>>> print(open('work22.pdb').read())   # PDB, C-alpha atoms
ATOM      1  CA  MET A   1      13.410 -11.004 -13.005
ATOM      2  CA  LYS A   2      10.939 -12.085 -10.340
ATOM      3  CA  ILE A   3       8.888  -9.337  -8.714
ATOM      4  CA  LEU A   4       7.030  -9.587  -5.413
ATOM      5  CA  VAL A   5       4.180  -7.098  -4.882
ATOM      6  CA  PRO A   6       2.508  -6.786  -1.456
ATOM      7  CA  VAL A   7      -1.170  -5.744  -1.630
ATOM      8  CA  LYS A   8      -3.312  -4.694   1.330
ATOM      9  CA  ARG A   9      -7.078  -4.965   1.835
ATOM     10  CA  VAL A  10      -8.410  -1.623   3.080
ATOM     11  CA  VAL A  11     -11.703   0.236   3.320
ATOM     12  CA  ASP A  12     -12.512   1.527  -0.163
ATOM     13  CA  TYR A  13     -11.396   5.111  -0.675
ATOM     14  CA  ASN A  14     -14.935   6.148  -1.695
ATOM     15  CA  VAL A  15     -16.441   5.008   1.617
ATOM     16  CA  LYS A  16     -17.097   7.526   4.380
ATOM     17  CA  ILE A  17     -15.185   6.286   7.396
ATOM     18  CA  ARG A  18     -17.163   5.683  10.596
ATOM     19  CA  VAL A  19     -15.697   5.148  14.058
ATOM     20  CA  ARG A  20     -16.984   2.188  16.072
ATOM     21  CA  SER A  21     -19.354   2.981  18.909
ATOM     22  CA  ASP A  22     -16.811   1.783  21.469
ATOM     23  CA  HIS A  23     -14.085   3.982  19.899
ATOM     24  CA  SER A  24     -11.797   0.976  19.465
ATOM     25  CA  GLY A  25     -11.199   1.612  15.756
ATOM     26  CA  VAL A  26     -12.830   2.141  12.382
ATOM     27  CA  GLU A  27     -16.003   0.252  11.472
ATOM     28  CA  THR A  28     -15.336  -2.413   8.844
ATOM     29  CA  ASN A  29     -18.390  -4.676   9.162
ATOM     30  CA  GLY A  30     -20.598  -4.385   6.092
ATOM     31  CA  VAL A  31     -18.204  -1.857   4.530
ATOM     32  CA  LYS A  32     -16.892  -2.122   0.983
ATOM     33  CA  MET A  33     -13.228  -3.161   0.949
ATOM     34  CA  SER A  34     -10.745  -2.920  -1.906
ATOM     35  CA  MET A  35      -7.037  -2.938  -2.714
ATOM     36  CA  ASN A  36      -5.006  -0.091  -1.276
ATOM     37  CA  PRO A  37      -4.675   2.472  -4.137
ATOM     38  CA  PHE A  38      -0.895   2.788  -3.764
ATOM     39  CA  ASP A  39      -0.630  -1.002  -4.056
ATOM     40  CA  GLU A  40      -2.656  -0.894  -7.278
ATOM     41  CA  ILE A  41       0.017   1.427  -8.642
ATOM     42  CA  ALA A  42       2.703  -1.054  -7.545
ATOM     43  CA  VAL A  43       0.917  -3.931  -9.308
ATOM     44  CA  GLU A  44       0.628  -1.836 -12.475
ATOM     45  CA  ALA A  45       4.346  -0.976 -12.318
ATOM     46  CA  ALA A  46       5.258  -4.654 -12.047
ATOM     47  CA  ILE A  47       2.970  -5.571 -14.959
ATOM     48  CA  ARG A  48       4.510  -2.882 -17.166
ATOM     49  CA  LEU A  49       7.997  -4.211 -16.410
ATOM     50  CA  LYS A  50       6.784  -7.676 -17.408
ATOM     51  CA  GLU A  51       5.184  -6.366 -20.602
ATOM     52  CA  ALA A  52       8.476  -4.664 -21.448
ATOM     53  CA  GLY A  53      10.250  -8.024 -21.147
ATOM     54  CA  ALA A  54      12.159  -7.061 -18.002
ATOM     55  CA  ALA A  55      10.257  -9.357 -15.628
ATOM     56  CA  GLY A  56       9.229 -12.989 -15.854
ATOM     57  CA  GLU A  57       6.987 -13.601 -12.841
ATOM     58  CA  ILE A  58       4.871 -11.395 -10.591
ATOM     59  CA  ILE A  59       3.804 -12.678  -7.168
ATOM     60  CA  ALA A  60       1.032 -10.825  -5.320
ATOM     61  CA  VAL A  61       1.232 -11.160  -1.537
ATOM     62  CA  SER A  62      -1.211 -10.149   1.176
ATOM     63  CA  ALA A  63      -1.391 -10.642   4.929
ATOM     64  CA  GLY A  64      -4.610 -10.615   6.910
ATOM     65  CA  PRO A  65      -7.934 -12.436   7.170
ATOM     66  CA  ALA A  66      -9.181 -14.981   4.652
ATOM     67  CA  ALA A  67     -11.105 -12.234   2.840
ATOM     68  CA  ALA A  68      -7.752 -10.713   1.803
ATOM     69  CA  SER A  69      -7.597 -13.442  -0.845
ATOM     70  CA  GLU A  70     -10.062 -11.332  -2.863
ATOM     71  CA  THR A  71      -7.504  -8.527  -2.915
ATOM     72  CA  ILE A  72      -4.966 -10.988  -4.297
ATOM     73  CA  ARG A  73      -7.533 -12.080  -6.916
ATOM     74  CA  THR A  74      -7.777  -8.464  -8.024
ATOM     75  CA  ALA A  75      -3.999  -8.358  -8.521
ATOM     76  CA  LEU A  76      -4.153 -11.646 -10.419
ATOM     77  CA  ALA A  77      -6.903 -10.252 -12.646
ATOM     78  CA  MET A  78      -4.730  -7.225 -13.378
ATOM     79  CA  GLY A  79      -1.873  -9.473 -14.505
ATOM     80  CA  ALA A  80       0.001 -11.008 -11.572
ATOM     81  CA  ASP A  81       0.933 -14.664 -12.065
ATOM     82  CA  ARG A  82       0.277 -16.174  -8.642
ATOM     83  CA  GLY A  83      -0.547 -15.177  -5.103
ATOM     84  CA  ILE A  84       0.407 -15.879  -1.515
ATOM     85  CA  LEU A  85      -1.856 -15.184   1.463
ATOM     86  CA  VAL A  86      -0.401 -15.112   4.957
ATOM     87  CA  GLN A  87      -3.610 -15.661   6.867
ATOM     88  CA  SER A  88      -3.907 -14.056  10.268
ATOM     89  CA  ASP A  89      -6.785 -12.518  12.205
ATOM     90  CA  ALA A  90      -4.402 -10.654  14.475
ATOM     91  CA  GLU A  91      -3.809  -6.913  14.192
ATOM     92  CA  LEU A  92      -0.927  -6.601  11.738
ATOM     93  CA  GLN A  93       1.259  -3.556  12.241
ATOM     94  CA  PRO A  94       4.044  -2.371   9.877
ATOM     95  CA  LEU A  95       6.894  -4.142  11.669
ATOM     96  CA  GLY A  96       4.994  -7.432  11.756
ATOM     97  CA  VAL A  97       4.106  -7.129   8.068
ATOM     98  CA  ALA A  98       7.710  -6.262   7.195
ATOM     99  CA  LYS A  99       8.903  -9.378   9.029
ATOM    100  CA  LEU A 100       6.351 -11.522   7.181
ATOM    101  CA  LEU A 101       7.445 -10.056   3.851
ATOM    102  CA  ALA A 102      11.105 -10.583   4.714
ATOM    103  CA  ALA A 103      10.384 -14.259   5.425
ATOM    104  CA  LEU A 104       8.566 -14.588   2.099
ATOM    105  CA  VAL A 105      11.401 -12.859   0.268
ATOM    106  CA  ARG A 106      13.877 -15.371   1.694
ATOM    107  CA  GLN A 107      11.535 -18.150   0.615
ATOM    108  CA  GLU A 108      10.735 -16.877  -2.908
ATOM    109  CA  SER A 109      14.033 -15.077  -3.712
ATOM    110  CA  PRO A 110      12.572 -12.252  -5.833
ATOM    111  CA  ASP A 111      14.837  -9.741  -7.571
ATOM    112  CA  LEU A 112      12.594  -6.803  -6.784
ATOM    113  CA  VAL A 113       9.883  -5.850  -4.292
ATOM    114  CA  ILE A 114       7.498  -3.115  -5.463
ATOM    115  CA  MET A 115       4.942  -1.882  -2.953
ATOM    116  CA  GLY A 116       2.774   1.132  -2.206
ATOM    117  CA  LYS A 117       4.458   3.853  -0.192
ATOM    118  CA  GLN A 118       1.676   3.709   2.417
ATOM    119  CA  ALA A 119      -1.779   2.315   3.138
ATOM    120  CA  ILE A 120      -4.719   4.704   3.215
ATOM    121  CA  ASP A 121      -6.110   3.204   6.428
ATOM    122  CA  ASP A 122      -3.219   4.027   8.756
ATOM    123  CA  ASP A 123      -0.914   6.211   6.589
ATOM    124  CA  MET A 124       2.090   4.676   8.369
ATOM    125  CA  ASN A 125       4.513   4.868   5.405
ATOM    126  CA  ALA A 126       6.887   2.502   7.199
ATOM    127  CA  THR A 127       6.590  -1.062   5.894
ATOM    128  CA  GLY A 128       8.755  -0.630   2.786
ATOM    129  CA  GLN A 129      11.565   1.034   4.700
ATOM    130  CA  MET A 130      11.426  -1.589   7.459
ATOM    131  CA  LEU A 131      11.506  -4.388   4.886
ATOM    132  CA  ALA A 132      14.583  -2.946   3.190
ATOM    133  CA  ALA A 133      16.312  -2.623   6.564
ATOM    134  CA  LEU A 134      15.486  -6.215   7.561
ATOM    135  CA  LEU A 135      16.774  -7.549   4.234
ATOM    136  CA  GLY A 136      19.769  -5.225   3.987
ATOM    137  CA  TRP A 137      18.623  -4.246   0.477
ATOM    138  CA  PRO A 138      18.873  -0.837  -1.214
ATOM    139  CA  GLN A 139      15.612   1.082  -1.353
ATOM    140  CA  ALA A 140      13.993   3.878  -3.340
ATOM    141  CA  THR A 141      10.848   5.432  -1.878
ATOM    142  CA  PHE A 142       8.105   7.598  -3.421
ATOM    143  CA  ALA A 143       8.927   6.433  -6.965
ATOM    144  CA  SER A 144       7.433   8.512  -9.792
ATOM    145  CA  ALA A 145       9.317   6.653 -12.569
ATOM    146  CA  ILE A 146      10.961   3.234 -12.819
ATOM    147  CA  ALA A 147      13.276   2.046 -15.604
ATOM    148  CA  VAL A 148      15.523  -0.977 -15.989
ATOM    149  CA  ALA A 149      19.151   0.116 -16.417
ATOM    150  CA  GLY A 150      21.529  -2.739 -17.262
ATOM    151  CA  PRO A 151      21.864  -5.111 -14.320
ATOM    152  CA  GLY A 152      20.124  -2.674 -11.992
ATOM    153  CA  ILE A 153      17.185  -0.309 -11.962
ATOM    154  CA  GLU A 154      16.763   3.475 -12.037
ATOM    155  CA  VAL A 155      14.122   5.157  -9.923
ATOM    156  CA  THR A 156      13.049   8.785 -10.112
ATOM    157  CA  ARG A 157      11.572   9.983  -6.845
ATOM    158  CA  GLU A 158       9.995  13.196  -5.661
ATOM    159  CA  ILE A 159      11.786  15.239  -3.038
ATOM    160  CA  ASP A 160      11.140  18.675  -1.554
ATOM    161  CA  GLY A 161      13.444  20.397  -4.037
ATOM    162  CA  GLY A 162      12.228  18.596  -7.171
ATOM    163  CA  LEU A 163      13.168  15.184  -8.562
ATOM    164  CA  GLU A 164      15.967  12.808  -7.661
ATOM    165  CA  THR A 165      17.110   9.847  -9.784
ATOM    166  CA  LEU A 166      18.693   6.862  -8.045
ATOM    167  CA  SER A 167      20.498   3.896  -9.558
ATOM    168  CA  LEU A 168      19.972   0.717  -7.524
ATOM    169  CA  PRO A 169      21.580  -2.696  -7.830
ATOM    170  CA  LEU A 170      19.242  -5.654  -7.558
ATOM    171  CA  PRO A 171      17.724  -7.014  -5.400
ATOM    172  CA  ALA A 172      15.999  -3.873  -4.130
ATOM    173  CA  VAL A 173      12.830  -2.488  -2.565
ATOM    174  CA  ILE A 174      10.787   0.242  -4.275
ATOM    175  CA  THR A 175       7.753   2.072  -2.880
ATOM    176  CA  THR A 176       5.395   3.797  -5.317
ATOM    177  CA  ASP A 177       3.881   7.266  -5.382
ATOM    178  CA  LEU A 178       0.692   8.471  -7.060
ATOM    179  CA  ARG A 179       2.375   9.945 -10.148
ATOM    180  CA  LEU A 180       4.067   6.693 -11.185
ATOM    181  CA  ASN A 181       1.170   5.438 -13.323
ATOM    182  CA  GLU A 182      -2.572   4.975 -13.647
ATOM    183  CA  PRO A 183      -3.578   1.375 -12.804
ATOM    184  CA  ARG A 184      -5.519  -0.548 -15.426
ATOM    185  CA  TYR A 185      -8.975  -2.006 -14.947
ATOM    186  CA  ALA A 186      -9.161  -5.787 -14.927
ATOM    187  CA  SER A 187     -11.047  -7.101 -17.953
ATOM    188  CA  LEU A 188     -13.817  -9.684 -17.564
ATOM    189  CA  PRO A 189     -11.775 -12.463 -19.266
ATOM    190  CA  ASN A 190      -8.843 -11.754 -16.943
ATOM    191  CA  ILE A 191     -11.162 -11.774 -13.919
ATOM    192  CA  MET A 192     -12.358 -15.231 -14.977
ATOM    193  CA  LYS A 193      -8.767 -16.417 -15.514
ATOM    194  CA  ALA A 194      -7.776 -15.098 -12.084
ATOM    195  CA  ARG A 195     -10.201 -17.532 -10.464
ATOM    196  CA  LYS A 196      -8.033 -20.394 -11.721
ATOM    197  CA  LYS A 197      -4.691 -18.953 -10.659
ATOM    198  CA  THR A 198      -2.948 -20.324  -7.590
ATOM    199  CA  ILE A 199      -3.047 -18.650  -4.174
ATOM    200  CA  ASP A 200      -0.827 -20.402  -1.652
ATOM    201  CA  GLN A 201      -1.837 -20.023   1.986
ATOM    202  CA  LEU A 202       0.591 -19.721   4.880
ATOM    203  CA  THR A 203       0.482 -18.533   8.484
ATOM    204  CA  PRO A 204       2.866 -16.344  10.495
ATOM    205  CA  GLU A 205       3.699 -19.421  12.595
ATOM    206  CA  ALA A 206       4.669 -21.383   9.487
ATOM    207  CA  LEU A 207       7.033 -18.570   8.532
ATOM    208  CA  GLY A 208       8.434 -18.372  12.060
ATOM    209  CA  VAL A 209       7.347 -14.767  12.519
ATOM    210  CA  ASP A 210       5.963 -13.171  15.679
ATOM    211  CA  VAL A 211       3.372 -10.557  14.667
ATOM    212  CA  THR A 212       2.426  -9.486  18.201
ATOM    213  CA  PRO A 213       1.508  -5.767  18.031
ATOM    214  CA  ARG A 214       4.069  -3.353  19.474
ATOM    215  CA  LEU A 215       1.620  -0.437  19.601
ATOM    216  CA  ARG A 216      -1.733  -0.270  21.364
ATOM    217  CA  THR A 217      -4.574   1.943  20.193
ATOM    218  CA  LEU A 218      -6.129   3.651  23.200
ATOM    219  CA  ARG A 219      -9.034   5.422  21.534
ATOM    220  CA  VAL A 220     -10.192   6.487  18.078
ATOM    221  CA  GLU A 221     -12.185   9.691  17.675
ATOM    222  CA  GLU A 222     -13.783  11.356  14.671
ATOM    223  CA  PRO A 223     -12.312  14.770  13.817
ATOM    224  CA  PRO A 224     -14.304  17.728  15.137
ATOM    225  CA  ARG A 225     -17.018  18.965  12.811
ATOM    226  CA  ARG A 226     -16.220  22.116  10.901
ATOM    227  CA  GLN A 227     -18.385  25.079  11.744
ATOM    228  CA  ALA A 228     -20.708  26.278   9.014
ATOM    229  CA  GLY A 229     -19.707  29.412   7.151
ATOM    230  CA  ARG A 230     -21.685  32.635   7.362
ATOM    231  CA  ILE A 231     -22.304  35.554   5.091
ATOM    232  CA  VAL A 232     -21.277  39.011   6.314
ATOM    233  CA  GLY A 233     -23.077  42.135   5.273
ATOM    234  CA  SER A 234     -20.150  44.484   4.668
ATOM    235  CA  VAL A 235     -16.393  44.780   4.342
ATOM    236  CA  ASP A 236     -16.177  46.314   7.803
ATOM    237  CA  GLU A 237     -17.995  43.313   9.287
ATOM    238  CA  LEU A 238     -15.636  40.953   7.420
ATOM    239  CA  VAL A 239     -12.559  42.793   8.707
ATOM    240  CA  ALA A 240     -13.915  42.681  12.261
ATOM    241  CA  ALA A 241     -14.622  38.943  11.987
ATOM    242  CA  LEU A 242     -11.133  38.244  10.655
ATOM    243  CA  ARG A 243      -9.592  40.327  13.419
ATOM    244  CA  ASP A 244     -11.636  39.092  16.361
ATOM    245  CA  GLU A 245     -12.905  35.604  15.456
ATOM    246  CA  ALA A 246     -10.704  33.948  12.866
ATOM    247  CA  LYS A 247      -8.156  31.444  14.166
ATOM    248  CA  VAL A 248      -4.709  31.062  12.712
ATOM    249  CA  ILE A 249      -3.943  27.376  12.051
TER
END
>>> encode(input="work22.pdb", output="structure tokens")
Amino acid sequence: MKILVPVKRVVDYNVKIRVRSDHSGVETNGVKMSMNPFDEIAVEAAIRLKEAGAAGEIIAVSAGPAAASETIRTALAMGADRGILVQSDAELQPLGVAKLLAALVRQESPDLVIMGKQAIDDDMNATGQMLAALLGWPQATFASAIAVAGPGIEVTREIDGGLETLSLPLPAVITTDLRLNEPRYASLPNIMKARKKTIDQLTPEALGVDVTPRLRTLRVEEPPRRQAGRIVGSVDELVAALRDEAKVI
């Protein structure tokens, strides 16, 4: 089984987000970047399938600027076999990324695509579903457990009423949720080995994909600051504050 795992370069989850002075977006200059946490979970899921003997090759894929190659290197250090970077300095939105991934899937012919359910920078939660639609493949989203079942794969996913288990024929698309696993740390020897692994570089034009944005961001604002709390002197004062000042959200 060949597994393709898309990984996205995002602002590190520990960094306090700052809006640019012109309100055009989030400040990324001089900010620590890392792999999207949901994509780390996807990489770990693919590696565990390989360790169990169910997968033979793992390909880490990213789309974005040249610096995104470092995100691929992280996946390679975790255990992916090779990487592909679709280099583009344009704004890549979910539909454009899904089209790029669909082109790569047709080129690489993987049996399974495992990807994070969403990216923490835009929280779109759309790329996996769009990819499955473009390919005409079955999909299982928000996976909390993955198991190979004969010629197909079983995915347990979280729904409002509890858990749902789906049986999918291959090829298929799976998006991962937080409870699926805990990603491993890359060891120093594996980090050194990752430097020697291959990262092929392509462009959207080479894949015949138009990544022109369909949405335009008008303005980005920081959320309003929360008002400081205050201490009341009595129960009566608390009741009055709740009755007259508190807002129901």
>>> residues_around(input="work22.pdb", residues="A:Ile17", least_positions_apart="3", cutoff="10 Å", atoms="all atoms listed in the file", output="list in words")
Val11, Asp12, Tyr13, Asn14, Arg20, Val26, Glu27, Thr28, Val31, Asp121 and Glu222 of chain A
>>> atom_distance(input="work22.pdb", atom1="atom CA of A:Met115", atom2="atom CA of A:Phe38")
7.5 Å
>>> residues_around(input="work22.pdb", residues="A:Ile174", least_positions_apart="6", cutoff="9 Å", atoms="all atoms listed in the file", output="PDB file with C-alpha atoms, in the frame of the given file")
ATOM      1  CA  ALA A  42       2.703  -1.054  -7.545  1.00  0.00           C
ATOM      2  CA  LEU A 112      12.594  -6.803  -6.784  1.00  0.00           C
ATOM      3  CA  VAL A 113       9.883  -5.850  -4.292  1.00  0.00           C
ATOM      4  CA  ILE A 114       7.498  -3.115  -5.463  1.00  0.00           C
ATOM      5  CA  MET A 115       4.942  -1.882  -2.953  1.00  0.00           C
ATOM      6  CA  GLY A 116       2.774   1.132  -2.206  1.00  0.00           C
ATOM      7  CA  LYS A 117       4.458   3.853  -0.192  1.00  0.00           C
ATOM      8  CA  GLY A 128       8.755  -0.630   2.786  1.00  0.00           C
ATOM      9  CA  ALA A 132      14.583  -2.946   3.190  1.00  0.00           C
ATOM     10  CA  PRO A 138      18.873  -0.837  -1.214  1.00  0.00           C
ATOM     11  CA  GLN A 139      15.612   1.082  -1.353  1.00  0.00           C
ATOM     12  CA  ALA A 140      13.993   3.878  -3.340  1.00  0.00           C
ATOM     13  CA  THR A 141      10.848   5.432  -1.878  1.00  0.00           C
ATOM     14  CA  PHE A 142       8.105   7.598  -3.421  1.00  0.00           C
ATOM     15  CA  ALA A 143       8.927   6.433  -6.965  1.00  0.00           C
ATOM     16  CA  VAL A 155      14.122   5.157  -9.923  1.00  0.00           C
TER      17      VAL A 155
END
>>> atom_distance(input="work22.pdb", atom1="atom CA of A:Leu218", atom2="atom CA of A:Pro65")
22.8 Å
>>> closest_residue(input="work22.pdb", among="A:Ala68, A:Ala241, A:Val19, A:Ile41", to="A:Ile84", atoms="only C-alpha atoms")
A:Ala68
>>> residues_around(input="work22.pdb", residues="stretch 163-166 of chain A", least_positions_apart="2", cutoff="9 Å", atoms="all atoms listed in the file", output="VMD selection string")
chain A and resid 140 144 to 145 153 to 161 168
>>> write_last_selection(input="work22.pdb", atoms="C-alpha atoms", output="PDB file, in the frame of the given file")
ATOM      1  CA  ALA A 140      13.993   3.878  -3.340  1.00  0.00           C
ATOM      2  CA  SER A 144       7.433   8.512  -9.792  1.00  0.00           C
ATOM      3  CA  ALA A 145       9.317   6.653 -12.569  1.00  0.00           C
ATOM      4  CA  ILE A 153      17.185  -0.309 -11.962  1.00  0.00           C
ATOM      5  CA  GLU A 154      16.763   3.475 -12.037  1.00  0.00           C
ATOM      6  CA  VAL A 155      14.122   5.157  -9.923  1.00  0.00           C
ATOM      7  CA  THR A 156      13.049   8.785 -10.112  1.00  0.00           C
ATOM      8  CA  ARG A 157      11.572   9.983  -6.845  1.00  0.00           C
ATOM      9  CA  GLU A 158       9.995  13.196  -5.661  1.00  0.00           C
ATOM     10  CA  ILE A 159      11.786  15.239  -3.038  1.00  0.00           C
ATOM     11  CA  ASP A 160      11.140  18.675  -1.554  1.00  0.00           C
ATOM     12  CA  GLY A 161      13.444  20.397  -4.037  1.00  0.00           C
ATOM     13  CA  LEU A 168      19.972   0.717  -7.524  1.00  0.00           C
TER      14      LEU A 168
END
>>> decode(input="work22.pdb", residues="stretch 206-236 of chain A", atoms="N, CA and C atoms", output="PDB file, in the first residue's frame")
ATOM      1  N   ALA A 206       3.216  23.075 -13.759  1.00  0.00           N
ATOM      2  CA  ALA A 206       3.675  21.766 -14.240  1.00  0.00           C
ATOM      3  C   ALA A 206       2.605  20.702 -14.064  1.00  0.00           C
ATOM      4  N   LEU A 207       1.758  20.883 -13.051  1.00  0.00           N
ATOM      5  CA  LEU A 207       0.675  19.929 -12.811  1.00  0.00           C
ATOM      6  C   LEU A 207      -0.591  20.306 -13.567  1.00  0.00           C
ATOM      7  N   GLY A 208      -0.566  21.457 -14.237  1.00  0.00           N
ATOM      8  CA  GLY A 208      -1.736  21.896 -14.995  1.00  0.00           C
ATOM      9  C   GLY A 208      -2.885  22.347 -14.118  1.00  0.00           C
ATOM     10  N   VAL A 209      -2.550  22.955 -12.977  1.00  0.00           N
ATOM     11  CA  VAL A 209      -3.585  23.348 -12.017  1.00  0.00           C
ATOM     12  C   VAL A 209      -3.599  24.864 -11.852  1.00  0.00           C
ATOM     13  N   ASP A 210      -4.787  25.439 -11.917  1.00  0.00           N
ATOM     14  CA  ASP A 210      -4.976  26.868 -11.673  1.00  0.00           C
ATOM     15  C   ASP A 210      -5.301  27.063 -10.194  1.00  0.00           C
ATOM     16  N   VAL A 211      -4.427  27.746  -9.460  1.00  0.00           N
ATOM     17  CA  VAL A 211      -4.630  27.943  -8.027  1.00  0.00           C
ATOM     18  C   VAL A 211      -5.072  29.377  -7.707  1.00  0.00           C
ATOM     19  N   THR A 212      -5.622  30.070  -8.688  1.00  0.00           N
ATOM     20  CA  THR A 212      -6.104  31.432  -8.457  1.00  0.00           C
ATOM     21  C   THR A 212      -7.131  31.441  -7.328  1.00  0.00           C
ATOM     22  N   PRO A 213      -6.958  32.276  -6.305  1.00  0.00           N
ATOM     23  CA  PRO A 213      -7.891  32.299  -5.176  1.00  0.00           C
ATOM     24  C   PRO A 213      -9.315  32.616  -5.614  1.00  0.00           C
ATOM     25  N   ARG A 214     -10.273  31.921  -5.006  1.00  0.00           N
ATOM     26  CA  ARG A 214     -11.692  32.188  -5.273  1.00  0.00           C
ATOM     27  C   ARG A 214     -12.300  33.110  -4.213  1.00  0.00           C
ATOM     28  N   LEU A 215     -11.612  33.256  -3.087  1.00  0.00           N
ATOM     29  CA  LEU A 215     -12.081  34.114  -2.009  1.00  0.00           C
ATOM     30  C   LEU A 215     -11.087  35.248  -1.802  1.00  0.00           C
ATOM     31  N   ARG A 216     -11.584  36.396  -1.389  1.00  0.00           N
ATOM     32  CA  ARG A 216     -10.718  37.544  -1.136  1.00  0.00           C
ATOM     33  C   ARG A 216     -10.920  38.027   0.294  1.00  0.00           C
ATOM     34  N   THR A 217      -9.822  38.115   1.025  1.00  0.00           N
ATOM     35  CA  THR A 217      -9.885  38.596   2.405  1.00  0.00           C
ATOM     36  C   THR A 217      -9.952  40.118   2.396  1.00  0.00           C
ATOM     37  N   LEU A 218     -10.997  40.661   2.963  1.00  0.00           N
ATOM     38  CA  LEU A 218     -11.180  42.112   2.986  1.00  0.00           C
ATOM     39  C   LEU A 218     -10.411  42.756   4.123  1.00  0.00           C
ATOM     40  N   ARG A 219     -10.465  42.144   5.299  1.00  0.00           N
ATOM     41  CA  ARG A 219      -9.821  42.757   6.463  1.00  0.00           C
ATOM     42  C   ARG A 219      -9.725  41.728   7.580  1.00  0.00           C
ATOM     43  N   VAL A 220      -8.627  41.750   8.296  1.00  0.00           N
ATOM     44  CA  VAL A 220      -8.426  40.853   9.438  1.00  0.00           C
ATOM     45  C   VAL A 220      -8.302  41.704  10.697  1.00  0.00           C
ATOM     46  N   GLU A 221      -9.094  41.378  11.700  1.00  0.00           N
ATOM     47  CA  GLU A 221      -9.092  42.121  12.952  1.00  0.00           C
ATOM     48  C   GLU A 221      -8.822  41.172  14.119  1.00  0.00           C
ATOM     49  N   GLU A 222      -8.137  41.680  15.143  1.00  0.00           N
ATOM     50  CA  GLU A 222      -7.984  40.912  16.366  1.00  0.00           C
ATOM     51  C   GLU A 222      -9.316  40.877  17.107  1.00  0.00           C
ATOM     52  N   PRO A 223      -9.592  39.797  17.841  1.00  0.00           N
ATOM     53  CA  PRO A 223     -10.842  39.764  18.616  1.00  0.00           C
ATOM     54  C   PRO A 223     -10.825  40.832  19.697  1.00  0.00           C
ATOM     55  N   PRO A 224     -11.980  41.328  20.088  1.00  0.00           N
ATOM     56  CA  PRO A 224     -12.020  42.362  21.131  1.00  0.00           C
ATOM     57  C   PRO A 224     -11.444  41.827  22.444  1.00  0.00           C
ATOM     58  N   ARG A 225     -10.753  42.711  23.155  1.00  0.00           N
ATOM     59  CA  ARG A 225     -10.175  42.307  24.433  1.00  0.00           C
ATOM     60  C   ARG A 225     -11.275  42.047  25.461  1.00  0.00           C
ATOM     61  N   ARG A 226     -11.052  41.002  26.249  1.00  0.00           N
ATOM     62  CA  ARG A 226     -12.015  40.699  27.305  1.00  0.00           C
ATOM     63  C   ARG A 226     -11.846  41.689  28.446  1.00  0.00           C
ATOM     64  N   GLN A 227     -12.959  42.117  28.997  1.00  0.00           N
ATOM     65  CA  GLN A 227     -12.898  43.025  30.131  1.00  0.00           C
ATOM     66  C   GLN A 227     -12.395  42.291  31.365  1.00  0.00           C
ATOM     67  N   ALA A 228     -11.651  43.013  32.184  1.00  0.00           N
ATOM     68  CA  ALA A 228     -11.123  42.412  33.411  1.00  0.00           C
ATOM     69  C   ALA A 228     -12.263  42.095  34.375  1.00  0.00           C
ATOM     70  N   GLY A 229     -12.101  41.061  35.145  1.00  0.00           N
ATOM     71  CA  GLY A 229     -13.101  40.716  36.151  1.00  0.00           C
ATOM     72  C   GLY A 229     -13.033  41.664  37.344  1.00  0.00           C
ATOM     73  N   ARG A 230     -14.040  41.630  38.180  1.00  0.00           N
ATOM     74  CA  ARG A 230     -14.027  42.462  39.382  1.00  0.00           C
ATOM     75  C   ARG A 230     -14.609  41.677  40.538  1.00  0.00           C
ATOM     76  N   ILE A 231     -14.210  42.067  41.706  1.00  0.00           N
ATOM     77  CA  ILE A 231     -14.661  41.394  42.920  1.00  0.00           C
ATOM     78  C   ILE A 231     -15.814  42.194  43.514  1.00  0.00           C
ATOM     79  N   VAL A 232     -16.916  41.506  43.814  1.00  0.00           N
ATOM     80  CA  VAL A 232     -18.074  42.159  44.428  1.00  0.00           C
ATOM     81  C   VAL A 232     -18.031  41.945  45.930  1.00  0.00           C
ATOM     82  N   GLY A 233     -18.664  42.836  46.639  1.00  0.00           N
ATOM     83  CA  GLY A 233     -18.561  42.797  48.094  1.00  0.00           C
ATOM     84  C   GLY A 233     -19.613  41.971  48.790  1.00  0.00           C
ATOM     85  N   SER A 234     -20.695  41.591  48.075  1.00  0.00           N
ATOM     86  CA  SER A 234     -21.756  40.842  48.746  1.00  0.00           C
ATOM     87  C   SER A 234     -22.553  40.055  47.718  1.00  0.00           C
ATOM     88  N   VAL A 235     -23.381  39.150  48.219  1.00  0.00           N
ATOM     89  CA  VAL A 235     -24.244  38.360  47.346  1.00  0.00           C
ATOM     90  C   VAL A 235     -25.246  39.261  46.637  1.00  0.00           C
ATOM     91  N   ASP A 236     -25.775  40.243  47.351  1.00  0.00           N
ATOM     92  CA  ASP A 236     -26.742  41.148  46.748  1.00  0.00           C
ATOM     93  C   ASP A 236     -26.123  41.904  45.573  1.00  0.00           C
TER      94      ASP A 236
END
